[in-house]
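Engineer: Handing over work-v7.pdb, PDB, C-alpha atoms.
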```pdb
ATOM      1  CA  MET A   1     -77.479  77.089-124.897  1.00  0.00           C
ATOM      2  CA  SER A   2     -81.082  77.831-123.893  1.00  0.00           C
ATOM      3  CA  ILE A   3     -82.150  78.229-120.273  1.00  0.00           C
ATOM      4  CA  GLN A   4     -84.261  75.087-120.608  1.00  0.00           C
ATOM      5  CA  GLN A   5     -81.347  73.011-121.868  1.00  0.00           C
ATOM      6  CA  GLN A   6     -79.038  74.258-119.128  1.00  0.00           C
ATOM      7  CA  LEU A   7     -81.623  73.235-116.529  1.00  0.00           C
ATOM      8  CA  LYS A   8     -82.130  69.842-118.171  1.00  0.00           C
ATOM      9  CA  ASP A   9     -78.393  69.181-118.215  1.00  0.00           C
ATOM     10  CA  SER A  10     -78.072  70.196-114.569  1.00  0.00           C
ATOM     11  CA  ALA A  11     -80.992  67.958-113.586  1.00  0.00           C
ATOM     12  CA  TYR A  12     -79.452  65.021-115.452  1.00  0.00           C
ATOM     13  CA  LYS A  13     -76.122  65.540-113.696  1.00  0.00           C
ATOM     14  CA  LEU A  14     -77.842  65.666-110.296  1.00  0.00           C
ATOM     15  CA  ASN A  15     -79.944  62.584-110.982  1.00  0.00           C
ATOM     16  CA  GLN A  16     -76.941  60.540-112.116  1.00  0.00           C
ATOM     17  CA  GLY A  17     -74.937  61.649-109.107  1.00  0.00           C
ATOM     18  CA  LEU A  18     -77.701  60.693-106.696  1.00  0.00           C
ATOM     19  CA  LYS A  19     -78.117  57.263-108.283  1.00  0.00           C
ATOM     20  CA  ALA A  20     -74.441  56.578-107.595  1.00  0.00           C
ATOM     21  CA  ILE A  21     -74.989  56.943-103.824  1.00  0.00           C
ATOM     22  CA  SER A  22     -76.006  53.588-102.363  1.00  0.00           C
ATOM     23  CA  PHE A  23     -78.545  53.199 -99.553  1.00  0.00           C
ATOM     24  CA  GLU A  24     -78.685  49.397 -99.710  1.00  0.00           C
ATOM     25  CA  ASP A  25     -77.159  49.087 -96.247  1.00  0.00           C
ATOM     26  CA  VAL A  26     -79.620  51.522 -94.668  1.00  0.00           C
ATOM     27  CA  GLU A  27     -82.087  49.252 -92.943  1.00  0.00           C
ATOM     28  CA  ASP A  28     -85.038  51.653 -92.871  1.00  0.00           C
ATOM     29  CA  VAL A  29     -84.939  52.260 -96.637  1.00  0.00           C
ATOM     30  CA  ALA A  30     -86.931  49.653 -98.573  1.00  0.00           C
ATOM     31  CA  HIS A  31     -86.987  51.421-101.927  1.00  0.00           C
ATOM     32  CA  ILE A  32     -85.896  54.620-103.691  1.00  0.00           C
ATOM     33  CA  TYR A  33     -87.685  56.211-106.619  1.00  0.00           C
ATOM     34  CA  TYR A  34     -85.907  58.552-109.035  1.00  0.00           C
ATOM     35  CA  PRO A  35     -88.818  60.357-110.755  1.00  0.00           C
ATOM     36  CA  TRP A  36     -86.600  61.995-113.348  1.00  0.00           C
ATOM     37  CA  ASP A  37     -85.798  58.498-114.672  1.00  0.00           C
ATOM     38  CA  TYR A  38     -89.366  57.566-115.575  1.00  0.00           C
ATOM     39  CA  ALA A  39     -91.166  60.935-115.508  1.00  0.00           C
ATOM     40  CA  GLY A  40     -88.309  63.030-116.833  1.00  0.00           C
ATOM     41  CA  ALA A  41     -90.211  63.789-120.037  1.00  0.00           C
ATOM     42  CA  VAL A  42     -92.926  65.531-117.983  1.00  0.00           C
ATOM     43  CA  TYR A  43     -90.304  67.525-116.101  1.00  0.00           C
ATOM     44  CA  HIS A  44     -88.692  68.497-119.398  1.00  0.00           C
ATOM     45  CA  ALA A  45     -92.095  69.674-120.640  1.00  0.00           C
ATOM     46  CA  TYR A  46     -92.392  71.753-117.444  1.00  0.00           C
ATOM     47  CA  LEU A  47     -89.016  73.355-118.143  1.00  0.00           C
ATOM     48  CA  ASP A  48     -89.777  73.866-121.835  1.00  0.00           C
ATOM     49  CA  GLN A  49     -93.087  75.527-121.064  1.00  0.00           C
ATOM     50  CA  PHE A  50     -92.241  77.602-118.018  1.00  0.00           C
ATOM     51  CA  THR A  51     -88.508  78.449-117.980  1.00  0.00           C
ATOM     52  CA  LYS A  52     -88.090  80.289-121.252  1.00  0.00           C
ATOM     53  CA  LYS A  53     -86.702  83.322-119.454  1.00  0.00           C
ATOM     54  CA  PRO A  54     -85.289  84.320-116.016  1.00  0.00           C
ATOM     55  CA  LYS A  55     -87.507  84.385-112.916  1.00  0.00           C
ATOM     56  CA  GLN A  56     -87.774  86.565-109.850  1.00  0.00           C
ATOM     57  CA  VAL A  57     -88.930  84.031-107.255  1.00  0.00           C
ATOM     58  CA  LEU A  58     -88.077  80.372-106.652  1.00  0.00           C
ATOM     59  CA  PHE A  59     -90.359  78.399-104.346  1.00  0.00           C
ATOM     60  CA  LEU A  60     -88.179  75.608-102.957  1.00  0.00           C
ATOM     61  CA  GLY A  61     -89.545  72.350-101.577  1.00  0.00           C
ATOM     62  CA  MET A  62     -87.760  69.430 -99.940  1.00  0.00           C
ATOM     63  CA  ASN A  63     -88.244  66.168-101.869  1.00  0.00           C
ATOM     64  CA  PRO A  64     -91.088  64.291-103.623  1.00  0.00           C
ATOM     65  CA  GLY A  65     -94.241  63.108-101.937  1.00  0.00           C
ATOM     66  CA  PRO A  66     -95.533  59.622-102.846  1.00  0.00           C
ATOM     67  CA  PHE A  67     -98.620  60.915-104.684  1.00  0.00           C
ATOM     68  CA  GLY A  68     -97.103  64.062-106.170  1.00  0.00           C
ATOM     69  CA  MET A  69     -93.706  64.334-107.808  1.00  0.00           C
ATOM     70  CA  THR A  70     -93.179  60.595-107.390  1.00  0.00           C
ATOM     71  CA  GLN A  71     -96.082  60.087-109.802  1.00  0.00           C
ATOM     72  CA  THR A  72     -95.755  63.096-112.124  1.00  0.00           C
ATOM     73  CA  GLY A  73     -92.121  64.234-112.035  1.00  0.00           C
ATOM     74  CA  ILE A  74     -93.166  67.788-111.088  1.00  0.00           C
ATOM     75  CA  PRO A  75     -92.362  69.381-107.701  1.00  0.00           C
ATOM     76  CA  PHE A  76     -95.414  69.191-105.421  1.00  0.00           C
ATOM     77  CA  GLY A  77     -96.930  67.525-108.496  1.00  0.00           C
ATOM     78  CA  GLN A  78    -100.523  66.908-107.579  1.00  0.00           C
ATOM     79  CA  VAL A  79    -102.066  65.321-110.674  1.00  0.00           C
ATOM     80  CA  GLU A  80    -104.954  67.757-111.182  1.00  0.00           C
ATOM     81  CA  ALA A  81    -102.658  70.793-110.984  1.00  0.00           C
ATOM     82  CA  VAL A  82    -100.125  69.275-113.380  1.00  0.00           C
ATOM     83  CA  ARG A  83    -102.681  67.991-115.880  1.00  0.00           C
ATOM     84  CA  ASP A  84    -105.391  70.664-115.826  1.00  0.00           C
ATOM     85  CA  TRP A  85    -103.747  73.912-114.701  1.00  0.00           C
ATOM     86  CA  MET A  86    -100.245  73.494-116.122  1.00  0.00           C
ATOM     87  CA  GLN A  87    -101.642  71.397-118.997  1.00  0.00           C
ATOM     88  CA  LEU A  88     -98.575  69.177-119.109  1.00  0.00           C
ATOM     89  CA  PRO A  89     -98.701  65.852-120.985  1.00  0.00           C
ATOM     90  CA  ASP A  90     -98.854  62.456-119.310  1.00  0.00           C
ATOM     91  CA  LEU A  91     -95.491  61.064-120.405  1.00  0.00           C
ATOM     92  CA  VAL A  92     -94.831  58.952-117.315  1.00  0.00           C
ATOM     93  CA  GLU A  93     -93.296  55.547-117.970  1.00  0.00           C
ATOM     94  CA  GLN A  94     -92.867  52.579-115.664  1.00  0.00           C
ATOM     95  CA  PRO A  95     -89.627  52.635-113.649  1.00  0.00           C
ATOM     96  CA  GLU A  96     -87.196  49.753-114.069  1.00  0.00           C
ATOM     97  CA  THR A  97     -87.925  48.626-110.524  1.00  0.00           C
ATOM     98  CA  PHE A  98     -91.060  49.402-108.545  1.00  0.00           C
ATOM     99  CA  PHE A  99     -92.237  49.051-104.994  1.00  0.00           C
ATOM    100  CA  ALA A 100     -95.515  47.196-104.586  1.00  0.00           C
ATOM    101  CA  LYS A 101     -96.595  49.363-101.650  1.00  0.00           C
ATOM    102  CA  ARG A 102     -96.222  52.477-103.823  1.00  0.00           C
ATOM    103  CA  PRO A 103     -96.790  51.608-107.504  1.00  0.00           C
ATOM    104  CA  ILE A 104     -96.201  54.244-110.172  1.00  0.00           C
ATOM    105  CA  VAL A 105     -99.416  54.991-112.051  1.00  0.00           C
ATOM    106  CA  GLY A 106     -98.592  58.510-113.242  1.00  0.00           C
ATOM    107  CA  PHE A 107    -101.508  60.795-114.016  1.00  0.00           C
ATOM    108  CA  ALA A 108    -103.895  57.933-113.220  1.00  0.00           C
ATOM    109  CA  CYS A 109    -103.038  58.338-109.526  1.00  0.00           C
ATOM    110  CA  GLU A 110    -106.342  58.814-107.718  1.00  0.00           C
ATOM    111  CA  ARG A 111    -104.875  59.949-104.413  1.00  0.00           C
ATOM    112  CA  SER A 112    -104.219  63.643-104.121  1.00  0.00           C
ATOM    113  CA  GLU A 113    -100.874  64.930-102.893  1.00  0.00           C
ATOM    114  CA  VAL A 114    -102.257  67.224-100.208  1.00  0.00           C
ATOM    115  CA  SER A 115     -99.170  69.429-100.021  1.00  0.00           C
ATOM    116  CA  GLY A 116     -99.307  69.935-103.780  1.00  0.00           C
ATOM    117  CA  GLU A 117    -103.051  70.435-103.757  1.00  0.00           C
ATOM    118  CA  ARG A 118    -102.626  73.229-101.246  1.00  0.00           C
ATOM    119  CA  LEU A 119     -99.556  74.855-102.802  1.00  0.00           C
ATOM    120  CA  TRP A 120    -100.689  74.804-106.432  1.00  0.00           C
ATOM    121  CA  GLY A 121    -104.237  75.529-105.280  1.00  0.00           C
ATOM    122  CA  LEU A 122    -103.085  78.839-103.789  1.00  0.00           C
ATOM    123  CA  PHE A 123    -101.089  79.709-106.897  1.00  0.00           C
ATOM    124  CA  SER A 124    -103.900  78.801-109.296  1.00  0.00           C
ATOM    125  CA  GLN A 125    -106.424  80.764-107.244  1.00  0.00           C
ATOM    126  CA  LYS A 126    -104.248  83.880-107.460  1.00  0.00           C
ATOM    127  CA  TYR A 127    -103.212  83.153-111.073  1.00  0.00           C
ATOM    128  CA  PRO A 128    -106.034  81.303-112.896  1.00  0.00           C
ATOM    129  CA  VAL A 129    -103.814  81.118-116.001  1.00  0.00           C
ATOM    130  CA  ALA A 130    -100.665  79.133-115.240  1.00  0.00           C
ATOM    131  CA  THR A 131     -98.407  81.161-117.521  1.00  0.00           C
ATOM    132  CA  ASP A 132     -99.223  84.273-115.484  1.00  0.00           C
ATOM    133  CA  PHE A 133     -97.825  82.616-112.344  1.00  0.00           C
ATOM    134  CA  PHE A 134     -94.752  81.323-114.157  1.00  0.00           C
ATOM    135  CA  GLU A 135     -94.007  84.746-115.602  1.00  0.00           C
ATOM    136  CA  GLU A 136     -92.031  85.559-112.459  1.00  0.00           C
ATOM    137  CA  HIS A 137     -92.173  82.370-110.348  1.00  0.00           C
ATOM    138  CA  ILE A 138     -90.890  78.808-110.547  1.00  0.00           C
ATOM    139  CA  VAL A 139     -91.199  75.840-108.167  1.00  0.00           C
ATOM    140  CA  MET A 140     -88.402  73.336-107.593  1.00  0.00           C
ATOM    141  CA  ASN A 141     -87.521  70.626-105.085  1.00  0.00           C
ATOM    142  CA  TYR A 142     -84.153  70.612-103.362  1.00  0.00           C
ATOM    143  CA  CYS A 143     -83.800  66.844-103.727  1.00  0.00           C
ATOM    144  CA  PRO A 144     -85.621  65.018-106.571  1.00  0.00           C
ATOM    145  CA  ILE A 145     -85.723  61.507-105.078  1.00  0.00           C
ATOM    146  CA  ILE A 146     -87.909  59.771-102.515  1.00  0.00           C
ATOM    147  CA  TRP A 147     -86.903  57.190 -99.936  1.00  0.00           C
ATOM    148  CA  LEU A 148     -89.619  54.751 -98.878  1.00  0.00           C
ATOM    149  CA  GLY A 149     -89.879  52.562 -95.815  1.00  0.00           C
ATOM    150  CA  ALA A 150     -91.183  48.982 -95.682  1.00  0.00           C
ATOM    151  CA  ARG A 151     -94.775  50.173 -95.151  1.00  0.00           C
ATOM    152  CA  GLY A 152     -94.503  52.604 -98.062  1.00  0.00           C
ATOM    153  CA  GLN A 153     -93.999  55.622 -95.825  1.00  0.00           C
ATOM    154  CA  ASN A 154     -91.986  58.598 -97.022  1.00  0.00           C
ATOM    155  CA  ILE A 155     -88.617  58.891 -95.252  1.00  0.00           C
ATOM    156  CA  THR A 156     -87.536  62.525 -95.302  1.00  0.00           C
ATOM    157  CA  PRO A 157     -83.829  63.382 -95.777  1.00  0.00           C
ATOM    158  CA  ASP A 158     -83.427  64.545 -92.176  1.00  0.00           C
ATOM    159  CA  LYS A 159     -84.259  60.997 -91.001  1.00  0.00           C
ATOM    160  CA  LEU A 160     -81.425  59.358 -92.956  1.00  0.00           C
ATOM    161  CA  PRO A 161     -77.823  58.695 -91.793  1.00  0.00           C
ATOM    162  CA  LYS A 162     -76.021  62.032 -91.621  1.00  0.00           C
ATOM    163  CA  GLU A 163     -72.870  61.000 -93.448  1.00  0.00           C
ATOM    164  CA  ARG A 164     -74.846  59.485 -96.340  1.00  0.00           C
ATOM    165  CA  ILE A 165     -77.271  62.350 -96.653  1.00  0.00           C
ATOM    166  CA  LYS A 166     -74.342  64.776 -96.575  1.00  0.00           C
ATOM    167  CA  GLN A 167     -73.265  63.374 -99.955  1.00  0.00           C
ATOM    168  CA  VAL A 168     -76.808  63.781-101.282  1.00  0.00           C
ATOM    169  CA  GLU A 169     -77.144  67.336-100.053  1.00  0.00           C
ATOM    170  CA  GLN A 170     -73.831  68.431-101.531  1.00  0.00           C
ATOM    171  CA  LEU A 171     -75.020  67.391-104.992  1.00  0.00           C
ATOM    172  CA  CYS A 172     -78.401  69.024-104.403  1.00  0.00           C
ATOM    173  CA  LEU A 173     -76.777  72.267-103.277  1.00  0.00           C
ATOM    174  CA  GLU A 174     -74.652  72.385-106.438  1.00  0.00           C
ATOM    175  CA  HIS A 175     -77.769  71.851-108.546  1.00  0.00           C
ATOM    176  CA  LEU A 176     -79.664  74.566-106.659  1.00  0.00           C
ATOM    177  CA  ALA A 177     -76.785  76.966-107.259  1.00  0.00           C
ATOM    178  CA  GLN A 178     -76.962  76.209-110.973  1.00  0.00           C
ATOM    179  CA  VAL A 179     -80.731  76.770-111.037  1.00  0.00           C
ATOM    180  CA  VAL A 180     -80.390  80.105-109.233  1.00  0.00           C
ATOM    181  CA  GLN A 181     -77.639  81.234-111.577  1.00  0.00           C
ATOM    182  CA  THR A 182     -79.348  80.065-114.764  1.00  0.00           C
ATOM    183  CA  LEU A 183     -82.733  81.583-113.901  1.00  0.00           C
ATOM    184  CA  GLN A 184     -81.177  84.687-112.298  1.00  0.00           C
ATOM    185  CA  ILE A 185     -83.319  84.134-109.201  1.00  0.00           C
ATOM    186  CA  LYS A 186     -83.685  87.140-106.902  1.00  0.00           C
ATOM    187  CA  THR A 187     -85.646  85.491-104.062  1.00  0.00           C
ATOM    188  CA  ILE A 188     -85.884  81.945-102.720  1.00  0.00           C
ATOM    189  CA  VAL A 189     -88.976  81.134-100.697  1.00  0.00           C
ATOM    190  CA  GLY A 190     -88.338  78.062 -98.571  1.00  0.00           C
ATOM    191  CA  VAL A 191     -91.501  75.985 -98.363  1.00  0.00           C
ATOM    192  CA  GLY A 192     -90.934  74.812 -94.824  1.00  0.00           C
ATOM    193  CA  ALA A 193     -87.945  74.993 -92.490  1.00  0.00           C
ATOM    194  CA  TYR A 194     -85.776  72.396 -94.247  1.00  0.00           C
ATOM    195  CA  ALA A 195     -85.870  74.153 -97.614  1.00  0.00           C
ATOM    196  CA  HIS A 196     -85.311  77.527 -95.982  1.00  0.00           C
ATOM    197  CA  ASP A 197     -82.237  76.168 -94.191  1.00  0.00           C
ATOM    198  CA  LYS A 198     -80.835  74.883 -97.490  1.00  0.00           C
ATOM    199  CA  ALA A 199     -81.428  78.268 -99.101  1.00  0.00           C
ATOM    200  CA  LYS A 200     -79.476  79.889 -96.250  1.00  0.00           C
ATOM    201  CA  GLN A 201     -76.670  77.379 -96.745  1.00  0.00           C
ATOM    202  CA  LEU A 202     -76.592  78.221-100.450  1.00  0.00           C
ATOM    203  CA  GLN A 203     -76.441  81.933 -99.696  1.00  0.00           C
ATOM    204  CA  GLN A 204     -73.540  81.459 -97.303  1.00  0.00           C
ATOM    205  CA  GLU A 205     -71.453  78.912 -99.223  1.00  0.00           C
ATOM    206  CA  TYR A 206     -71.821  80.656-102.575  1.00  0.00           C
ATOM    207  CA  ASP A 207     -71.516  84.180-101.144  1.00  0.00           C
ATOM    208  CA  LEU A 208     -74.869  85.281-102.549  1.00  0.00           C
ATOM    209  CA  GLU A 209     -75.465  88.273-100.300  1.00  0.00           C
ATOM    210  CA  SER A 210     -77.877  89.860-102.765  1.00  0.00           C
ATOM    211  CA  LEU A 211     -80.136  86.777-102.761  1.00  0.00           C
ATOM    212  CA  ASN A 212     -83.295  87.472-100.782  1.00  0.00           C
ATOM    213  CA  LEU A 213     -84.566  84.644 -98.553  1.00  0.00           C
ATOM    214  CA  ALA A 214     -88.110  84.111 -97.331  1.00  0.00           C
ATOM    215  CA  LYS A 215     -90.126  81.266 -95.826  1.00  0.00           C
ATOM    216  CA  ILE A 216     -93.693  80.014 -95.751  1.00  0.00           C
ATOM    217  CA  LEU A 217     -95.375  77.312 -93.709  1.00  0.00           C
ATOM    218  CA  HIS A 218     -95.074  73.877 -95.286  1.00  0.00           C
ATOM    219  CA  PRO A 219     -98.493  72.711 -96.561  1.00  0.00           C
ATOM    220  CA  SER A 220     -98.090  69.123 -95.335  1.00  0.00           C
ATOM    221  CA  PRO A 221    -101.147  67.679 -93.554  1.00  0.00           C
ATOM    222  CA  ALA A 222     -98.671  66.317 -90.988  1.00  0.00           C
ATOM    223  CA  SER A 223     -98.366  69.904 -89.725  1.00  0.00           C
ATOM    224  CA  PRO A 224    -101.229  70.864 -87.365  1.00  0.00           C
ATOM    225  CA  ALA A 225    -100.685  74.525 -88.244  1.00  0.00           C
ATOM    226  CA  ALA A 226    -101.037  73.802 -91.970  1.00  0.00           C
ATOM    227  CA  ASN A 227    -104.412  72.188 -91.332  1.00  0.00           C
ATOM    228  CA  ARG A 228    -105.782  75.465 -90.019  1.00  0.00           C
ATOM    229  CA  GLY A 229    -106.196  77.457 -93.217  1.00  0.00           C
ATOM    230  CA  TRP A 230    -102.795  76.959 -94.869  1.00  0.00           C
ATOM    231  CA  ALA A 231    -103.533  79.111 -97.932  1.00  0.00           C
ATOM    232  CA  GLU A 232    -104.519  82.142 -95.886  1.00  0.00           C
ATOM    233  CA  GLN A 233    -101.447  81.812 -93.668  1.00  0.00           C
ATOM    234  CA  ALA A 234     -99.069  81.317 -96.595  1.00  0.00           C
ATOM    235  CA  GLU A 235    -100.468  84.264 -98.541  1.00  0.00           C
ATOM    236  CA  LYS A 236    -100.145  86.500 -95.481  1.00  0.00           C
ATOM    237  CA  GLN A 237     -96.538  85.381 -95.032  1.00  0.00           C
ATOM    238  CA  LEU A 238     -95.776  86.183 -98.676  1.00  0.00           C
ATOM    239  CA  ILE A 239     -97.357  89.623 -98.352  1.00  0.00           C
ATOM    240  CA  ASP A 240     -95.632  90.346 -95.026  1.00  0.00           C
ATOM    241  CA  GLN A 241     -92.260  89.434 -96.556  1.00  0.00           C
ATOM    242  CA  GLU A 242     -93.056  91.620 -99.598  1.00  0.00           C
ATOM    243  CA  ILE A 243     -92.937  88.708-102.050  1.00  0.00           C
ATOM    244  CA  TRP A 244     -96.512  89.395-103.103  1.00  0.00           C
ATOM    245  CA  SER A 245     -98.440  92.649-102.920  1.00  0.00           C
TER     246      SER A 245
END
```
Can you present the structure in this file as structure tokens?
Structural biologist:
Amino acid sequence: MSIQQQLKDSAYKLNQGLKAISFEDVEDVAHIYYPWDYAGAVYHAYLDQFTKKPKQVLFLGMNPGPFGMTQTGIPFGQVEAVRDWMQLPDLVEQPETFFAKRPIVGFACERSEVSGERLWGLFSQKYPVATDFFEEHIVMNYCPIIWLGARGQNITPDKLPKERIKQVEQLCLEHLAQVVQTLQIKTIVGVGAYAHDKAKQLQQEYDLESLNLAKILHPSPASPAANRGWAEQAEKQLIDQEIWS
């Protein structure tokens, strides 16, 4: 079985498992989007194009942003980066249920996912041709679903009931382990503290002593530090940790 097909099968298993966990009784959660349901074809194109062989470095994010992966199916999936740099096709469909405060418009989304704009902006600046970046790198999210509040705000996993999110994270950890094994990942770079913590958990629970762990500042505009020249800080962190030269 090809690397791409193994990753697709693992993603399907994760998505189905997550859909079986109910959050209907969690008052703060007004809606959940599962991007791999309606934008899975874009994610499959991402895998087909960029995971033909093993990778050295996995950049790991947390979960989708409302104007990034939620719209495109791609981690940190700012539309311009997905459409113009990666040159992936707009295969986004309408989900079975949608939330009026956060409609799904796919590549027609006019709002930029700032975190994705910054992350992919750094990568595309260093690697003007996308395939050059993906020669040794890949970007994934730990959890591929987004929880939304009544006002349309993103509810991050750490803000959800611990017992419920424990079920979610167990499935996500199993998927991450499969990704690391399938792609023969040597280094995980946690994009932010949450992702880095999950990478450490993976290393410990799966006894992956040879797996190198690193961390960069999360590019979210909610972080004051990230608003002070995120790209320069992130690149320095990657160089200091000997991920990049």
Engineer: Once the PyMOL selection byres ((chain A and resi 98-105) around 12) is applied to the coordinates I shared, what remains selected? I want it as a PDB file with C-alpha atoms, in the coordinates of the input.
Structural biologist:
```
ATOM      1  CA  VAL A  29     -84.939  52.260 -96.637  1.00  0.00           C
ATOM      2  CA  ALA A  30     -86.931  49.653 -98.573  1.00  0.00           C
ATOM      3  CA  HIS A  31     -86.987  51.421-101.927  1.00  0.00           C
ATOM      4  CA  ILE A  32     -85.896  54.620-103.691  1.00  0.00           C
ATOM      5  CA  TYR A  33     -87.685  56.211-106.619  1.00  0.00           C
ATOM      6  CA  TYR A  34     -85.907  58.552-109.035  1.00  0.00           C
ATOM      7  CA  PRO A  35     -88.818  60.357-110.755  1.00  0.00           C
ATOM      8  CA  TYR A  38     -89.366  57.566-115.575  1.00  0.00           C
ATOM      9  CA  ALA A  39     -91.166  60.935-115.508  1.00  0.00           C
ATOM     10  CA  GLY A  65     -94.241  63.108-101.937  1.00  0.00           C
ATOM     11  CA  PRO A  66     -95.533  59.622-102.846  1.00  0.00           C
ATOM     12  CA  PHE A  67     -98.620  60.915-104.684  1.00  0.00           C
ATOM     13  CA  GLY A  68     -97.103  64.062-106.170  1.00  0.00           C
ATOM     14  CA  MET A  69     -93.706  64.334-107.808  1.00  0.00           C
ATOM     15  CA  THR A  70     -93.179  60.595-107.390  1.00  0.00           C
ATOM     16  CA  GLN A  71     -96.082  60.087-109.802  1.00  0.00           C
ATOM     17  CA  THR A  72     -95.755  63.096-112.124  1.00  0.00           C
ATOM     18  CA  GLY A  73     -92.121  64.234-112.035  1.00  0.00           C
ATOM     19  CA  VAL A  79    -102.066  65.321-110.674  1.00  0.00           C
ATOM     20  CA  ASP A  90     -98.854  62.456-119.310  1.00  0.00           C
ATOM     21  CA  LEU A  91     -95.491  61.064-120.405  1.00  0.00           C
ATOM     22  CA  VAL A  92     -94.831  58.952-117.315  1.00  0.00           C
ATOM     23  CA  GLU A  93     -93.296  55.547-117.970  1.00  0.00           C
ATOM     24  CA  GLN A  94     -92.867  52.579-115.664  1.00  0.00           C
ATOM     25  CA  PRO A  95     -89.627  52.635-113.649  1.00  0.00           C
ATOM     26  CA  GLU A  96     -87.196  49.753-114.069  1.00  0.00           C
ATOM     27  CA  THR A  97     -87.925  48.626-110.524  1.00  0.00           C
ATOM     28  CA  GLY A 106     -98.592  58.510-113.242  1.00  0.00           C
ATOM     29  CA  PHE A 107    -101.508  60.795-114.016  1.00  0.00           C
ATOM     30  CA  ALA A 108    -103.895  57.933-113.220  1.00  0.00           C
ATOM     31  CA  CYS A 109    -103.038  58.338-109.526  1.00  0.00           C
ATOM     32  CA  GLU A 110    -106.342  58.814-107.718  1.00  0.00           C
ATOM     33  CA  ARG A 111    -104.875  59.949-104.413  1.00  0.00           C
ATOM     34  CA  ILE A 146     -87.909  59.771-102.515  1.00  0.00           C
ATOM     35  CA  TRP A 147     -86.903  57.190 -99.936  1.00  0.00           C
ATOM     36  CA  LEU A 148     -89.619  54.751 -98.878  1.00  0.00           C
ATOM     37  CA  GLY A 149     -89.879  52.562 -95.815  1.00  0.00           C
ATOM     38  CA  ALA A 150     -91.183  48.982 -95.682  1.00  0.00           C
ATOM     39  CA  ARG A 151     -94.775  50.173 -95.151  1.00  0.00           C
ATOM     40  CA  GLY A 152     -94.503  52.604 -98.062  1.00  0.00           C
ATOM     41  CA  GLN A 153     -93.999  55.622 -95.825  1.00  0.00           C
ATOM     42  CA  ASN A 154     -91.986  58.598 -97.022  1.00  0.00           C
TER      43      ASN A 154
END
```
Engineer: I'd like the neighbourhood of Glu135 (chain A) as a list in words, where a residue qualifies if any of its atoms comes within 12 Å (using all atoms listed in the file), though same-chain residues fewer than 4 positions away should be ignored.
Structural biologist: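 Here the answer would be Gln49, Phe50, Thr51, Lys52, Lys53, Pro54, Lys55, Gln56, Val57, Leu58, Tyr127, Val129, Ala130, Thr131, Val139 and Leu183 of chain A.
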Engineer: What separation in Å, quoted to one decimal, exists between CA of Gly40 (chain A) and CA of Arg164 (chain A)?
Structural biologist: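 Atom-to-atom, CA of Gly40 (chain A) to CA of Arg164 (chain A), that is 24.8 Å.
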Engineer: With distances taken over only C-alpha atoms, which residue among A:Ala195, A:Ala234, A:Leu202, A:Ile165 lies nearest Ser22 (chain A)?
Structural biologist: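 Closest to Ser22 (chain A) of all the choices is A:Ile165.
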Engineer: Run through the PyMOL selection byres ((chain A and resi 198) around 10) on the given coordinates and return the selected residues as a list in words.
Structural biologist: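 Checked against the file, the PyMOL selection byres ((chain A and resi 198) around 10) matches Leu60, Gly61, Met62, Tyr142, Glu169, Cys172, Leu173, Leu176, Gly190, Ala193, Tyr194, Ala195, His196, Asp197, Ala199, Lys200, Gln201, Leu202, Gln203 and Gln204 of chain A.
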Engineer: Grab the CA of Ala225 (chain A) to CA of Gln78 (chain A) distance for me, in Å with one decimal place.
Structural biologist: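 A separation of 20.8 Å between them.
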Engineer: Quick one: pull the distance between CA of Ser124 (chain A) and CA of Lys8 (chain A), Å, one decimal.
Structural biologist: 25.2 Å
Engineer: Pull out every residue that the PyMOL selection byres ((chain A and resi 120) around 9) matches in the shown coordinates and put them as a list in words.
Structural biologist: Phe76, Gly77, Gln78, Ala81, Val82, Trp85, Ser115, Gly116, Glu117, Arg118, Leu119, Gly121, Leu122, Phe123, Ser124 and Gln125 of chain A
Engineer: Please determine, counting all atoms listed in the file, which residue among A:Val42, A:Val180, A:Leu18, A:Cys143 has the shortest atom-to-atom distance to Thr156 (chain A).
Structural biologist: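 Counting all atoms listed in the file, the residue closest to Thr156 (chain A) is A:Cys143.
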Engineer: Pick out the closest residue to Glu136 (chain A) from this set: A:Tyr46, A:Ala11, A:Lys19, A:Lys186. Count only C-alpha atoms.
Structural biologist: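 Among A:Tyr46, A:Ala11, A:Lys19, A:Lys186, it is A:Lys186 that comes nearest to Glu136 (chain A).
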Engineer: Restricting the calculation to all atoms listed in the file, which member of A:Ile239, A:Leu171, A:Val191, A:Leu14 is positioned closest to Ser220 (chain A)?
Structural biologist: A:Val191
Engineer: Given the choices A:Ala45, A:Ile21, A:Pro89, A:Ile155, which gets closest to Gln167 (chain A) if the distance is worked out from all atoms listed in the file?
Structural biologist: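 For Gln167 (chain A), the nearest of the candidates is A:Ile21.
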Engineer: Which centre and edge lengths in Å to one decimal define the box along x, y and z that fits every listed atom of region 115-119 of chain A plus 3 Å per side, as JSON?
Structural biologist:
```
{"center_x": -101.1, "center_y": 72.1, "center_z": -101.9, "size_x": 9.9, "size_y": 11.4, "size_z": 9.8}
```
Engineer: Which is closest to Ile243 (chain A) among A:Pro144, A:Glu24, A:Ile216, A:Pro64, if we use all atoms listed in the file?
Structural biologist: A:Ile216
